[in-house]
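Take a look at the structure set out below.
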Amino acid sequence: MLKAIAEYDELGRIEFLAKYRFNESRSYLLLHEGREYDSKAIAGVAHKWDHGHALLPEEFSGGKDHAAAWLKRIGFKVKSVKNPDWARDEIILACHLVMTNGWKGLDANDPRVIELSGLLQLMPIHAEADRNEKFRNPNGVARKTFDIATRHPDYRGKPTNGGALDIEVLNEFLARSAQMTKVAQLIRQGITAGGLQTPPLDDDEDLDDYSDYSAPEGRLLMSRHKRRERNKGLRRKKIATVLKQGRAMACEACGFDFEAVYGDRGSGYIECHHVVPLHEAGEGRTKLSDLALICANCHRMIHRSAPWPTPKELRRLIQTRRSTVPRIPDQQSPEATHPATDGG
């Protein structure tokens, strides 16, 4: 790495990039001793000193999960050239501000925009390395309010630039303004009170369990919701209570009993679901009555899309299907041997 940096300094940026056929970095820059370097080019040329030849630009990626990640792993600092796309949670807060302003965009010098800018900079969604000095500054926040406002059905002018997620969140506010207002308030309260300062789950974390779960409450609250469900102490207490009452440890939605089907291998296994989402229940202590024991398939079906059904509602759906569709198996039959996932 240091030899590649030295060659970059000696030749200069333009000649170095031309020699090794690299373009200027579009996403990340390497920082070293107060200077900035094209991160992908440096990584590719550094390969020469280890393996005898430099990598060509088309042979690898310079993105955050590839060259940029490798540079950070070996101790170098990397910074983003452009700021990350707006996340759902951020757009929820911006859309709520636009709604309270009569669905009109706001200027960068508006105190409400300046306040939201500061709040967005506190949110733990985006890593520091992915932010530049203009990250969610008042100008950027103001632009986002106009991206949302000009997509409102009553707006008659030409829309400004924006993304599909802006429209999605806007439509959710139009359809469920009270619910989405509550979501925005919970996100805001969680950040200002420090309750949502821990980073949300990564996109690939527990992929088998949550990859297609819908998050009506936004990424930060969904992360909190998952962590509440994963509280091992609460799960153990819930199971102990069910067993003490003499009830089978079966899915409260479909009735599937892991031990009945799998024997000893399934003994003691069941997933735990927090019945009421955070955007409905708000913050607070979790009671055992808030939890339901359900199988992996039903857990996935509940979270698959909003609005989330309760286990009781899902049970009614299953019972209706079993009574009207003959091929729907009974939970004890061999073909009902669940779960499609190894969730836990």
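As shown in the structure tokens, the chain order sets the letters A, B, ...; within each chain, residues go from 1, and ligands are also counted from 1 in the order they appear.
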Run DSSP on the backbone and tell me which residues of segment 67-250 of chain A come out as strand (DSSP E or B); list them as an MDAnalysis selection string. chainID A and resid 77:80
Could those residues be written to a file, using N, CA, C and O atoms, as a PDB file, in the first residue's frame?
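To be explicit, this is the file written out as again-v8.pdb:
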```pdb
ATOM      1  N   LYS A  77      -7.766   4.829   6.505  1.00  0.00           N
ATOM      2  CA  LYS A  77      -9.013   5.574   6.585  1.00  0.00           C
ATOM      3  C   LYS A  77      -9.553   5.827   5.181  1.00  0.00           C
ATOM      4  O   LYS A  77      -8.810   6.158   4.269  1.00  0.00           O
ATOM      5  N   VAL A  78     -10.854   5.670   5.054  1.00  0.00           N
ATOM      6  CA  VAL A  78     -11.519   5.870   3.772  1.00  0.00           C
ATOM      7  C   VAL A  78     -12.695   6.804   3.996  1.00  0.00           C
ATOM      8  O   VAL A  78     -13.389   6.708   5.010  1.00  0.00           O
ATOM      9  N   LYS A  79     -12.917   7.728   3.088  1.00  0.00           N
ATOM     10  CA  LYS A  79     -14.082   8.617   3.213  1.00  0.00           C
ATOM     11  C   LYS A  79     -14.910   8.565   1.941  1.00  0.00           C
ATOM     12  O   LYS A  79     -14.422   8.248   0.856  1.00  0.00           O
ATOM     13  N   SER A  80     -16.166   8.850   2.095  1.00  0.00           N
ATOM     14  CA  SER A  80     -17.097   8.797   0.975  1.00  0.00           C
ATOM     15  C   SER A  80     -17.000  10.059   0.121  1.00  0.00           C
ATOM     16  O   SER A  80     -16.868  11.168   0.650  1.00  0.00           O
TER      17      SER A  80
END
```
Would you write out, as JSON lines, a table of all residues in segment 116-201 of chain A that have an atom no more than 12 Å from an atom of segment 100-110 of chain A, listing for each the closest atom pair and the distance in Å to one decimal, considering only C-alpha atoms and ordering rows by chain and rising residue number?
```
{"residue": "A:Leu116", "atom": "CA", "partner": "A:Asp110", "partner_atom": "CA", "distance": 10.1}
{"residue": "A:Ser117", "atom": "CA", "partner": "A:Ala108", "partner_atom": "CA", "distance": 9.5}
{"residue": "A:Arg136", "atom": "CA", "partner": "A:Ala108", "partner_atom": "CA", "distance": 11.1}
{"residue": "A:Asn137", "atom": "CA", "partner": "A:Ala108", "partner_atom": "CA", "distance": 8.6}
{"residue": "A:Pro138", "atom": "CA", "partner": "A:Ala108", "partner_atom": "CA", "distance": 5.0}
{"residue": "A:Asn139", "atom": "CA", "partner": "A:Ala108", "partner_atom": "CA", "distance": 5.0}
{"residue": "A:Gly140", "atom": "CA", "partner": "A:Ala108", "partner_atom": "CA", "distance": 8.0}
{"residue": "A:Val141", "atom": "CA", "partner": "A:Ala108", "partner_atom": "CA", "distance": 7.2}
{"residue": "A:Ala142", "atom": "CA", "partner": "A:Ala108", "partner_atom": "CA", "distance": 5.1}
{"residue": "A:Arg143", "atom": "CA", "partner": "A:Gly105", "partner_atom": "CA", "distance": 7.9}
{"residue": "A:Lys144", "atom": "CA", "partner": "A:Gly105", "partner_atom": "CA", "distance": 8.2}
{"residue": "A:Thr145", "atom": "CA", "partner": "A:Gly105", "partner_atom": "CA", "distance": 4.8}
{"residue": "A:Phe146", "atom": "CA", "partner": "A:Gly105", "partner_atom": "CA", "distance": 4.4}
{"residue": "A:Asp147", "atom": "CA", "partner": "A:Gly105", "partner_atom": "CA", "distance": 7.9}
{"residue": "A:Ile148", "atom": "CA", "partner": "A:Gly105", "partner_atom": "CA", "distance": 7.6}
{"residue": "A:Ala149", "atom": "CA", "partner": "A:Lys104", "partner_atom": "CA", "distance": 5.3}
{"residue": "A:Thr150", "atom": "CA", "partner": "A:Gly105", "partner_atom": "CA", "distance": 7.9}
{"residue": "A:Arg151", "atom": "CA", "partner": "A:Trp103", "partner_atom": "CA", "distance": 9.6}
{"residue": "A:His152", "atom": "CA", "partner": "A:Trp103", "partner_atom": "CA", "distance": 7.3}
{"residue": "A:Pro153", "atom": "CA", "partner": "A:Trp103", "partner_atom": "CA", "distance": 10.1}
{"residue": "A:Asp154", "atom": "CA", "partner": "A:Trp103", "partner_atom": "CA", "distance": 9.1}
{"residue": "A:Tyr155", "atom": "CA", "partner": "A:Trp103", "partner_atom": "CA", "distance": 9.0}
{"residue": "A:Pro159", "atom": "CA", "partner": "A:Gly105", "partner_atom": "CA", "distance": 11.6}
{"residue": "A:Thr160", "atom": "CA", "partner": "A:Gly105", "partner_atom": "CA", "distance": 10.8}
{"residue": "A:Leu170", "atom": "CA", "partner": "A:Trp103", "partner_atom": "CA", "distance": 10.0}
{"residue": "A:Phe173", "atom": "CA", "partner": "A:Trp103", "partner_atom": "CA", "distance": 10.9}
{"residue": "A:Leu174", "atom": "CA", "partner": "A:Trp103", "partner_atom": "CA", "distance": 10.5}
{"residue": "A:Ser177", "atom": "CA", "partner": "A:Thr100", "partner_atom": "CA", "distance": 10.9}
{"residue": "A:Thr181", "atom": "CA", "partner": "A:Thr100", "partner_atom": "CA", "distance": 9.9}
{"residue": "A:Ala184", "atom": "CA", "partner": "A:Thr100", "partner_atom": "CA", "distance": 11.8}
```
Residue nearest Ala54 of chain A among A:Ile187, A:Ala41, A:Glu10, A:Ala296 (counting only C-alpha atoms):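 Between A:Ile187, A:Ala41, A:Glu10, A:Ala296, the residue approaching Ala54 of chain A most closely is A:Ala41.
Closest approach to Leu97 of chain A from the set A:Ala175, A:Ile114, A:Cys295, A:Leu314 is made by A:Ile114, with distances taken over only C-alpha atoms.
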Rounded to one decimal place, report the atom CA of Arg236 of chain A-atom CA of Leu220 of chain A distance in Å. 25.3 Å
By how many Å are atom CA of His303 of chain A and atom CA of Val275 of chain A apart? 10.6 Å
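Residue neighbourhood of Ala46 of chain A, excluding near-sequence residues (fewer than 5 positions): Met1, Leu2, Lys3, Ala4, Ile5, Ala6, Glu7, Tyr8, Tyr20, Ser39, Lys40, Ala41, His51, Gly52, His53, Ala54, Leu55, Leu56, Ala67, Trp70 and Leu71 of chain A, at 12 Å, using only C-alpha atoms.
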Given only C-alpha atoms as the basis, pick out the residue of A:Thr324, A:Asn83, A:Asn297, A:Gln189 nearest to Asn132 of chain A.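 Going through A:Thr324, A:Asn83, A:Asn297, A:Gln189 one by one, the smallest distance to Asn132 of chain A is for A:Asn83.
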Would you kindly return, as a PyMOL selection string, each protein, DNA or RNA residue with an atom no farther than 9 Å from any atom of segment 286-290 of chain A, considering only C-alpha atoms and excluding same-chain residues fewer than 5 positions away? chain A and resi 228+234-235+237-238+241+273-276
Can you write out the residues you just picked, keeping N, CA and C atoms, as an mmCIF file, in the first residue's frame?
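Dumped to result-v5.cif:
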```
data_model
loop_
_atom_site.group_PDB
_atom_site.id
_atom_site.type_symbol
_atom_site.label_atom_id
_atom_site.label_comp_id
_atom_site.auth_asym_id
_atom_site.auth_seq_id
_atom_site.Cartn_x
_atom_site.Cartn_y
_atom_site.Cartn_z
ATOM 1 N N ARG A 228 -36.004 -6.920 20.736
ATOM 2 C CA ARG A 228 -36.942 -7.261 21.807
ATOM 3 C C ARG A 228 -37.391 -8.707 21.662
ATOM 4 N N LEU A 234 -36.463 -13.074 28.240
ATOM 5 C CA LEU A 234 -37.913 -13.005 28.106
ATOM 6 C C LEU A 234 -38.464 -14.267 27.462
ATOM 7 N N ARG A 235 -37.744 -14.774 26.462
ATOM 8 C CA ARG A 235 -38.195 -16.000 25.784
ATOM 9 C C ARG A 235 -38.259 -17.160 26.767
ATOM 10 N N LYS A 237 -38.601 -17.029 30.021
ATOM 11 C CA LYS A 237 -39.689 -16.808 30.977
ATOM 12 C C LYS A 237 -41.041 -17.106 30.337
ATOM 13 N N LYS A 238 -41.206 -16.722 29.077
ATOM 14 C CA LYS A 238 -42.460 -16.989 28.378
ATOM 15 C C LYS A 238 -42.689 -18.495 28.264
ATOM 16 N N THR A 241 -43.573 -20.039 31.615
ATOM 17 C CA THR A 241 -44.948 -19.740 31.997
ATOM 18 C C THR A 241 -45.933 -20.649 31.278
ATOM 19 N N HIS A 273 -42.374 -14.037 19.407
ATOM 20 C CA HIS A 273 -42.781 -12.878 18.607
ATOM 21 C C HIS A 273 -43.397 -11.798 19.492
ATOM 22 N N HIS A 274 -42.965 -10.561 19.290
ATOM 23 C CA HIS A 274 -43.553 -9.430 20.006
ATOM 24 C C HIS A 274 -44.812 -9.022 19.258
ATOM 25 N N VAL A 275 -45.956 -9.194 19.904
ATOM 26 C CA VAL A 275 -47.244 -9.094 19.222
ATOM 27 C C VAL A 275 -47.516 -7.705 18.661
ATOM 28 N N VAL A 276 -47.229 -6.660 19.429
ATOM 29 C CA VAL A 276 -47.586 -5.302 19.011
ATOM 30 C C VAL A 276 -46.339 -4.564 18.525
#
```
Excluding Arg13 of chain A and residues on its chain fewer than 4 positions from it, collect all residues at most 9 Å away from it, counting only C-alpha atoms, and give them as a short mmCIF file (atom, residue, chain, number, x, y, z; two decimals) with C-alpha atoms, in the first residue's frame.
```
data_model
loop_
_atom_site.label_atom_id
_atom_site.label_comp_id
_atom_site.auth_asym_id
_atom_site.auth_seq_id
_atom_site.Cartn_x
_atom_site.Cartn_y
_atom_site.Cartn_z
CA TYR A 8 0.96 7.97 -6.84
CA ASP A 9 2.76 10.92 -5.19
CA LEU A 17 -4.49 6.80 -13.11
CA ALA A 18 -3.65 6.80 -16.82
CA GLU A 24 -11.19 8.90 -10.70
CA TYR A 37 -6.04 9.20 -3.00
CA ASP A 38 -8.24 7.31 -5.43
#
```
